[in-house]
Amino acid sequence: MSTIALVGAQWGDEGKGKIIDILSLRSDMVVRAQGGDNAGHTVIVNDEVYKLRIIPSGILYHNTQCIVGNGVVVNPKVILEEMDNLSARGVSLDNLKIDARAHVILPYHIILDGLAEDARGKADIGTTKKGIGPCYMDKAERIGIRMYDLVHPEIFKQKLERNVSIKNSYINKIYGAEPLDFEQIYNEYCEYGKRLQPYVCDTSSIIYKAIKENKRVLFEGAQGALLDLDMGTYPFVTSSHPTSGGFCVGAGIGPTLIDKCLGIAKAYTTRVGKGPFPTELEDEIGDHIRKVGCEFGTVTGRPRRCGWLDLVILRFAVRVDGLTGLALNKLDTLSGLPKLKVCVAYKRGNTVLNDFPPDINELAECEPIYEELDGWNENLCDVKAYEELPENAKKYIEFIEKNIECPVKMIGIGPQRTQNLYKD
Ligand code: GDP
Ligand code: IMO
Ligand code: MG
């Protein structure tokens, strides 16, 4: 059995797309199991930039089967645009499958996401406004429309008619906005259903069969541990489970079918959206990291908040994800900074905290306790092996490993497929 789960170990955008793409070369199947088009996974191959939203980042390899699992929320319009875009660039979609149980994002979800955010005013979450939360709400309320329904027009009609009526009450009576037209949505989405129908099936059994046949399966996480609905910085989280446990439910497989779990982290910390961020740098070093690391959201283009590496967060990810290894991306971005601070614990009042607190009110009161390490000046982009890294870069990595008790297996030194080092 050779299955690896890849998860974001921070607040998302850790470079998961790049690592999945690298590992896909030696994989038979890549599976997305949660989230939707709130995700933006960048893969860069020479001059070509691919920004994948719902389709797994393994799609660039012709022989890799790509699965959109039952736990994903699918915006049919967006996935079709993504498919068209990939086809136009010569990427085959023959190996794509979408689970019949995956829930469908409909126009009222997107509208309600925006209206709810506006109504929250200053207390907004900073969502991507892609309708993710409202779609998962319908799933939990058991009124959701699934891919199976979308590709069966009679079933779709009944459910959509009921839901448009319910949602129009919220949209119009609570928020005072324009109600939606059922016929228009029905006609548009029936067309999407027709196009997606050949891809819709029971993917849980396909994944199981692949694992039983000893195929190499990668599970591609979206978002990151701190955006997990249960374990993250609630309420500044997404509405799914980006922690490794989410793969079991979202791909329809048992936990014993996952061999290893690789966490993906940046060599510093970023987040988009609101919520406390202990190591945030609201100064020229933060601006420098944002500029050098091109830290602007893949989906919304928002500037990402940047800060020093936080090992309390990485230890949290090691625990909640059961990490067996870490891929550390963007080490190259830190070149040229004379001193690097690393947060090893938090101080809250007179108490030292080694564990990430369970509530954001406590987190907001935490001050980082830093250790300072020497930086390096060398440009890392062309380094070919771990041993060739500057001594201080190696010390930085070894400091992390020791502190979080998890080995660093891969090191990112640039956005290209080839800019990646392996460490034993
Ligand atoms: P994801 O959502 O986790 O897949 O990450 P994103 O694609 O949203 O953001 C990561 C960004 O960092 C993308 O622009 C990547 O091309 C880029 N990137 C990934 N790894 C590296 C790296 O090691 N060095 C540099 N400089 N950029 C990287
Ligand atoms: P990838 O997979 C970074 C954040 C949003 C917001 C919160 C809730 O590219 O790492 P949502 O629209 O999900 O209801 O928004 O979650 N968020 C992400 N931040 N990377 C992502 O995905 C994210 N997906 C959602 O910014 O703070
Ligand atoms: Mg992203």
# chains A, B, ... in the order shown; residues from 1 in each chain; ligands from 1
call {"tool": "residues_near_ligand", "arguments": {"ligand": "ligand 2", "cutoff": "7 Å", "atoms": "only C-alpha atoms and all ligand atoms", "output": "MDAnalysis selection string"}}
result
chainID A and resid 8 11:14 38:41 125:133 221:224 227 236:239 271:274 298
call {"tool": "residues_near_ligand", "arguments": {"ligand": "ligand 1", "cutoff": "9 Å", "atoms": "only C-alpha atoms and all ligand atoms", "output": "tab-separated table (two decimals) with N, CA, C and O atoms, in the first residue's frame"}}
result
chain	number	residue	atom	x	y	z
A	7	VAL	N	-1.25	17.72	3.42
A	7	VAL	CA	-2.13	18.72	4.06
A	7	VAL	C	-1.39	20.03	4.29
A	7	VAL	O	-0.19	20.05	4.57
A	8	GLY	N	-2.13	21.11	4.22
A	8	GLY	CA	-1.59	22.41	4.58
A	8	GLY	C	-1.40	22.46	6.09
A	8	GLY	O	-2.31	22.08	6.84
A	12	GLY	N	-3.24	27.82	4.95
A	12	GLY	CA	-3.46	27.68	3.51
A	12	GLY	C	-2.36	28.35	2.71
A	12	GLY	O	-1.49	29.04	3.25
A	13	ASP	N	-2.37	28.08	1.39
A	13	ASP	CA	-1.41	28.68	0.44
A	13	ASP	C	0.04	28.34	0.76
A	13	ASP	O	0.95	29.14	0.51
A	14	GLU	N	0.28	27.16	1.28
A	14	GLU	CA	1.64	26.77	1.67
A	14	GLU	C	2.45	26.26	0.48
A	14	GLU	O	3.64	25.94	0.62
A	15	GLY	N	1.78	26.14	-0.68
A	15	GLY	CA	2.47	25.59	-1.85
A	15	GLY	C	2.11	24.13	-2.06
A	15	GLY	O	2.91	23.35	-2.60
A	16	LYS	N	0.89	23.77	-1.66
A	16	LYS	CA	0.45	22.37	-1.79
A	16	LYS	C	0.42	21.95	-3.26
A	16	LYS	O	0.84	20.84	-3.61
A	17	GLY	N	-0.08	22.86	-4.13
A	17	GLY	CA	-0.19	22.55	-5.56
A	17	GLY	C	1.15	22.12	-6.12
A	17	GLY	O	1.25	21.13	-6.86
A	18	LYS	N	2.20	22.86	-5.78
A	18	LYS	CA	3.52	22.55	-6.30
A	18	LYS	C	3.99	21.16	-5.84
A	18	LYS	O	4.50	20.37	-6.64
A	19	ILE	N	3.81	20.88	-4.57
A	19	ILE	CA	4.28	19.58	-4.04
A	19	ILE	C	3.46	18.42	-4.64
A	19	ILE	O	4.00	17.38	-5.01
A	20	ILE	N	2.15	18.62	-4.76
A	20	ILE	CA	1.31	17.57	-5.37
A	20	ILE	C	1.80	17.31	-6.79
A	20	ILE	O	1.94	16.15	-7.22
A	39	ALA	N	-10.17	27.19	-2.90
A	39	ALA	CA	-8.76	26.80	-3.03
A	39	ALA	C	-8.18	27.37	-4.33
A	39	ALA	O	-8.88	27.49	-5.33
A	40	GLY	N	-6.92	27.72	-4.28
A	40	GLY	CA	-6.20	28.12	-5.48
A	40	GLY	C	-4.82	27.51	-5.39
A	40	GLY	O	-4.01	27.93	-4.57
A	41	HIS	N	-4.57	26.47	-6.18
A	41	HIS	CA	-3.30	25.74	-6.10
A	41	HIS	C	-2.48	26.03	-7.36
A	41	HIS	O	-2.92	25.71	-8.47
A	42	THR	N	-1.33	26.62	-7.17
A	42	THR	CA	-0.51	27.04	-8.30
A	42	THR	C	0.51	25.98	-8.67
A	42	THR	O	1.22	25.48	-7.81
A	43	VAL	N	0.54	25.67	-9.96
A	43	VAL	CA	1.58	24.77	-10.48
A	43	VAL	C	2.27	25.53	-11.61
A	43	VAL	O	1.60	26.04	-12.51
A	44	ILE	N	3.59	25.60	-11.54
A	44	ILE	CA	4.33	26.31	-12.59
A	44	ILE	C	5.26	25.33	-13.29
A	44	ILE	O	6.08	24.67	-12.66
A	49	VAL	N	1.76	28.81	-16.19
A	49	VAL	CA	1.23	28.88	-14.82
A	49	VAL	C	-0.19	28.30	-14.81
A	49	VAL	O	-1.05	28.75	-15.57
A	51	LYS	N	-3.47	27.63	-12.37
A	51	LYS	CA	-4.07	27.91	-11.06
A	51	LYS	C	-5.28	27.01	-10.90
A	51	LYS	O	-6.34	27.28	-11.46
A	52	LEU	N	-5.09	25.92	-10.19
A	52	LEU	CA	-6.15	24.91	-10.09
A	52	LEU	C	-7.03	25.20	-8.88
A	52	LEU	O	-6.55	25.58	-7.82
A	53	ARG	N	-8.33	25.04	-9.08
A	53	ARG	CA	-9.28	25.41	-8.03
A	53	ARG	C	-9.99	24.18	-7.46
A	53	ARG	O	-10.05	24.00	-6.26
A	57	SER	N	-4.30	18.72	-8.55
A	57	SER	CA	-3.08	19.22	-9.19
A	57	SER	C	-2.28	18.13	-9.91
A	57	SER	O	-1.23	18.41	-10.46
A	221	GLY	N	-4.81	17.89	0.02
A	221	GLY	CA	-5.54	18.78	0.91
A	221	GLY	C	-5.73	20.15	0.28
A	221	GLY	O	-4.91	20.60	-0.51
A	222	ALA	N	-6.82	20.81	0.66
A	222	ALA	CA	-6.99	22.22	0.35
A	222	ALA	C	-7.00	22.96	1.69
A	222	ALA	O	-7.14	22.33	2.74
A	223	GLN	N	-6.79	24.26	1.65
A	223	GLN	CA	-6.70	25.09	2.88
A	223	GLN	C	-5.59	24.57	3.81
A	223	GLN	O	-4.62	24.02	3.32
A	224	GLY	N	-5.77	24.70	5.12
A	224	GLY	CA	-4.72	24.27	6.04
A	224	GLY	C	-5.29	24.01	7.42
A	224	GLY	O	-6.46	24.33	7.69
A	264	ILE	N	2.52	20.46	4.55
A	264	ILE	CA	3.19	21.46	3.72
A	264	ILE	C	3.16	22.77	4.50
A	264	ILE	O	2.09	23.19	4.98
A	265	ALA	N	4.34	23.40	4.62
A	265	ALA	CA	4.41	24.69	5.32
A	265	ALA	C	5.32	25.62	4.54
A	265	ALA	O	6.17	25.18	3.77
A	266	LYS	N	5.14	26.90	4.76
A	266	LYS	CA	6.12	27.86	4.24
A	266	LYS	C	7.20	28.03	5.29
A	266	LYS	O	6.96	27.76	6.48
A	267	ALA	N	8.34	28.57	4.90
A	267	ALA	CA	9.43	28.81	5.83
A	267	ALA	C	9.13	30.02	6.71
A	267	ALA	O	9.93	30.40	7.56
A	292	VAL	N	8.89	39.86	-1.90
A	292	VAL	CA	9.81	38.85	-2.44
A	292	VAL	C	9.07	37.52	-2.66
A	292	VAL	O	9.29	36.83	-3.65
A	293	GLY	N	8.15	37.19	-1.74
A	293	GLY	CA	7.44	35.91	-1.84
A	293	GLY	C	6.19	35.99	-2.71
A	293	GLY	O	5.47	35.01	-2.82
A	294	CYS	N	5.92	37.16	-3.31
A	294	CYS	CA	4.71	37.37	-4.14
A	294	CYS	C	3.47	36.91	-3.38
A	294	CYS	O	2.69	36.08	-3.86
A	295	GLU	N	3.31	37.39	-2.17
A	295	GLU	CA	2.23	36.91	-1.31
A	295	GLU	C	0.93	37.67	-1.55
A	295	GLU	O	0.53	38.55	-0.77
A	296	PHE	N	0.28	37.28	-2.63
A	296	PHE	CA	-1.04	37.82	-2.97
A	296	PHE	C	-1.94	36.63	-3.31
A	296	PHE	O	-1.50	35.70	-4.01
A	297	GLY	N	-3.19	36.64	-2.82
A	297	GLY	CA	-4.07	35.48	-2.94
A	297	GLY	C	-4.25	35.00	-4.37
A	297	GLY	O	-4.45	35.80	-5.28
A	298	THR	N	-4.21	33.67	-4.55
A	298	THR	CA	-4.40	33.05	-5.87
A	298	THR	C	-5.85	33.22	-6.33
A	298	THR	O	-6.12	33.37	-7.51
A	299	VAL	N	-6.79	33.19	-5.38
A	299	VAL	CA	-8.21	33.23	-5.73
A	299	VAL	C	-8.74	34.66	-5.75
A	299	VAL	O	-9.40	35.09	-6.68
A	328	LEU	N	8.92	21.94	3.40
A	328	LEU	CA	9.09	23.36	3.77
A	328	LEU	C	9.34	24.16	2.51
A	328	LEU	O	10.41	24.06	1.90
A	329	ASN	N	8.34	24.96	2.13
A	329	ASN	CA	8.44	25.73	0.89
A	329	ASN	C	8.97	27.14	1.13
A	329	ASN	O	8.95	27.64	2.24
A	330	LYS	N	9.38	27.75	0.04
A	330	LYS	CA	9.72	29.18	0.02
A	330	LYS	C	10.90	29.57	0.92
A	330	LYS	O	10.94	30.68	1.45
A	331	LEU	N	11.83	28.63	1.10
A	331	LEU	CA	13.02	28.98	1.87
A	331	LEU	C	13.77	30.10	1.17
A	331	LEU	O	14.38	30.96	1.81
A	332	ASP	N	13.69	30.11	-0.16
A	332	ASP	CA	14.38	31.13	-0.97
A	332	ASP	C	13.94	32.55	-0.63
A	332	ASP	O	14.72	33.50	-0.72
A	333	THR	N	12.68	32.70	-0.20
A	333	THR	CA	12.14	34.04	0.09
A	333	THR	C	12.89	34.69	1.26
A	333	THR	O	12.95	35.91	1.37
A	381	CYS	N	17.92	29.75	-5.53
A	381	CYS	CA	17.14	29.22	-6.67
A	381	CYS	C	17.81	28.08	-7.43
A	381	CYS	O	17.12	27.22	-7.96
A	411	ILE	N	12.32	20.51	0.56
A	411	ILE	CA	12.56	21.94	0.77
A	411	ILE	C	12.34	22.67	-0.56
A	411	ILE	O	12.96	22.34	-1.57
A	412	GLY	N	11.46	23.66	-0.54
A	412	GLY	CA	11.16	24.43	-1.75
A	412	GLY	C	12.08	25.64	-1.85
A	412	GLY	O	12.23	26.41	-0.89
A	413	ILE	N	12.71	25.78	-3.01
A	413	ILE	CA	13.63	26.91	-3.21
A	413	ILE	C	13.21	27.75	-4.43
A	413	ILE	O	14.01	28.49	-4.99
A	414	GLY	N	11.97	27.60	-4.84
A	414	GLY	CA	11.45	28.35	-5.98
A	414	GLY	C	10.14	27.72	-6.41
A	414	GLY	O	9.82	26.60	-6.01
A	415	PRO	N	9.36	28.43	-7.24
A	415	PRO	CA	8.02	27.93	-7.60
A	415	PRO	C	8.00	26.81	-8.65
A	415	PRO	O	6.97	26.17	-8.84
A	416	GLN	N	9.11	26.57	-9.33
A	416	GLN	CA	9.13	25.57	-10.40
A	416	GLN	C	9.17	24.15	-9.84
A	416	GLN	O	9.70	23.91	-8.75
A	417	ARG	N	8.65	23.23	-10.63
A	417	ARG	CA	8.72	21.80	-10.31
A	417	ARG	C	10.11	21.35	-9.88
A	417	ARG	O	10.28	20.49	-9.03
A	419	GLN	N	12.50	23.14	-8.61
A	419	GLN	CA	13.15	23.87	-7.49
A	419	GLN	C	12.74	23.27	-6.15
A	419	GLN	O	12.02	23.89	-5.36
A	420	ASN	N	13.22	22.08	-5.95
A	420	ASN	CA	12.82	21.34	-4.76
A	420	ASN	C	13.95	20.41	-4.35
A	420	ASN	O	14.52	19.71	-5.18
call {"tool": "select_by_dssp", "arguments": {"residues": "region 188-293 of chain A", "states": "strand (DSSP E)", "output": "list in words"}}
result
Val200, Cys201, Arg216, Val217, Leu218, Phe219, Glu220, Lys260, Cys261, Leu262, Gly263, Ile264, Ala265, Lys266, Thr269, Thr270 and Arg271 of chain A
call {"tool": "write_last_selection", "arguments": {"atoms": "N, CA, C and O atoms", "output": "PDB file, in the first residue's frame"}}
result
ATOM      1  N   VAL A 200     -19.359  11.824 -13.643  1.00  0.00           N
ATOM      2  CA  VAL A 200     -19.939  11.595 -12.308  1.00  0.00           C
ATOM      3  C   VAL A 200     -20.099  10.103 -12.032  1.00  0.00           C
ATOM      4  O   VAL A 200     -20.677   9.376 -12.842  1.00  0.00           O
ATOM      5  N   CYS A 201     -19.582   9.657 -10.890  1.00  0.00           N
ATOM      6  CA  CYS A 201     -19.658   8.238 -10.534  1.00  0.00           C
ATOM      7  C   CYS A 201     -19.396   8.069  -9.032  1.00  0.00           C
ATOM      8  O   CYS A 201     -19.271   9.052  -8.311  1.00  0.00           O
ATOM      9  N   ARG A 216      -0.324   3.896  -6.381  1.00  0.00           N
ATOM     10  CA  ARG A 216       0.178   4.985  -5.531  1.00  0.00           C
ATOM     11  C   ARG A 216      -0.852   6.122  -5.541  1.00  0.00           C
ATOM     12  O   ARG A 216      -1.110   6.713  -6.593  1.00  0.00           O
ATOM     13  N   VAL A 217      -1.428   6.373  -4.390  1.00  0.00           N
ATOM     14  CA  VAL A 217      -2.518   7.351  -4.301  1.00  0.00           C
ATOM     15  C   VAL A 217      -2.098   8.533  -3.429  1.00  0.00           C
ATOM     16  O   VAL A 217      -1.576   8.347  -2.327  1.00  0.00           O
ATOM     17  N   LEU A 218      -2.316   9.731  -3.956  1.00  0.00           N
ATOM     18  CA  LEU A 218      -2.041  10.958  -3.180  1.00  0.00           C
ATOM     19  C   LEU A 218      -3.367  11.602  -2.836  1.00  0.00           C
ATOM     20  O   LEU A 218      -4.232  11.732  -3.701  1.00  0.00           O
ATOM     21  N   PHE A 219      -3.518  12.042  -1.607  1.00  0.00           N
ATOM     22  CA  PHE A 219      -4.699  12.812  -1.218  1.00  0.00           C
ATOM     23  C   PHE A 219      -4.274  14.274  -1.115  1.00  0.00           C
ATOM     24  O   PHE A 219      -3.334  14.593  -0.377  1.00  0.00           O
ATOM     25  N   GLU A 220      -4.940  15.115  -1.872  1.00  0.00           N
ATOM     26  CA  GLU A 220      -4.534  16.520  -1.962  1.00  0.00           C
ATOM     27  C   GLU A 220      -5.396  17.390  -1.053  1.00  0.00           C
ATOM     28  O   GLU A 220      -6.590  17.606  -1.334  1.00  0.00           O
ATOM     29  N   LYS A 260       0.943   7.555   5.037  1.00  0.00           N
ATOM     30  CA  LYS A 260       1.814   8.632   5.512  1.00  0.00           C
ATOM     31  C   LYS A 260       1.090   9.951   5.377  1.00  0.00           C
ATOM     32  O   LYS A 260       0.192  10.090   4.531  1.00  0.00           O
ATOM     33  N   CYS A 261       1.541  10.915   6.151  1.00  0.00           N
ATOM     34  CA  CYS A 261       0.913  12.235   6.048  1.00  0.00           C
ATOM     35  C   CYS A 261       1.997  13.316   6.000  1.00  0.00           C
ATOM     36  O   CYS A 261       2.766  13.478   6.950  1.00  0.00           O
ATOM     37  N   LEU A 262       2.062  13.987   4.867  1.00  0.00           N
ATOM     38  CA  LEU A 262       3.073  15.027   4.669  1.00  0.00           C
ATOM     39  C   LEU A 262       2.418  16.396   4.846  1.00  0.00           C
ATOM     40  O   LEU A 262       1.459  16.729   4.145  1.00  0.00           O
ATOM     41  N   GLY A 263       2.943  17.148   5.791  1.00  0.00           N
ATOM     42  CA  GLY A 263       2.440  18.517   5.992  1.00  0.00           C
ATOM     43  C   GLY A 263       3.206  19.465   5.080  1.00  0.00           C
ATOM     44  O   GLY A 263       4.395  19.268   4.836  1.00  0.00           O
ATOM     45  N   ILE A 264       2.517  20.457   4.550  1.00  0.00           N
ATOM     46  CA  ILE A 264       3.187  21.462   3.723  1.00  0.00           C
ATOM     47  C   ILE A 264       3.161  22.773   4.499  1.00  0.00           C
ATOM     48  O   ILE A 264       2.091  23.188   4.979  1.00  0.00           O
ATOM     49  N   ALA A 265       4.342  23.403   4.619  1.00  0.00           N
ATOM     50  CA  ALA A 265       4.413  24.690   5.321  1.00  0.00           C
ATOM     51  C   ALA A 265       5.324  25.619   4.541  1.00  0.00           C
ATOM     52  O   ALA A 265       6.174  25.177   3.771  1.00  0.00           O
ATOM     53  N   LYS A 266       5.139  26.901   4.762  1.00  0.00           N
ATOM     54  CA  LYS A 266       6.116  27.863   4.243  1.00  0.00           C
ATOM     55  C   LYS A 266       7.201  28.032   5.293  1.00  0.00           C
ATOM     56  O   LYS A 266       6.959  27.756   6.484  1.00  0.00           O
ATOM     57  N   THR A 269       5.191  32.460   7.866  1.00  0.00           N
ATOM     58  CA  THR A 269       3.743  32.234   8.012  1.00  0.00           C
ATOM     59  C   THR A 269       2.975  33.294   7.227  1.00  0.00           C
ATOM     60  O   THR A 269       3.393  34.456   7.197  1.00  0.00           O
ATOM     61  N   THR A 270       1.872  32.874   6.595  1.00  0.00           N
ATOM     62  CA  THR A 270       0.983  33.863   5.964  1.00  0.00           C
ATOM     63  C   THR A 270      -0.463  33.474   6.261  1.00  0.00           C
ATOM     64  O   THR A 270      -0.755  32.329   6.599  1.00  0.00           O
ATOM     65  N   ARG A 271      -1.345  34.457   6.132  1.00  0.00           N
ATOM     66  CA  ARG A 271      -2.772  34.128   6.107  1.00  0.00           C
ATOM     67  C   ARG A 271      -3.519  35.200   5.332  1.00  0.00           C
ATOM     68  O   ARG A 271      -3.092  36.358   5.300  1.00  0.00           O
TER      69      ARG A 271
END
call {"tool": "residues_around", "arguments": {"residues": "Ser165 (chain A)", "least_positions_apart": "3", "cutoff": "10 Å", "atoms": "only C-alpha atoms", "output": "list of chain:residue names"}}
result
A:Leu160, A:Glu161, A:Arg162, A:Asn168, A:Ser169, A:Tyr170, A:Ile171, A:Pro179, A:Leu180, A:Asp181, A:Phe182
call {"tool": "select_by_dssp", "arguments": {"residues": "region 167-365 of chain A", "states": "alpha helix (DSSP H)", "output": "NGL selection string"}}
result
:A and (167-168 or 182-196 or 203-212 or 245-251 or 284-292 or 311-321 or 360-364)
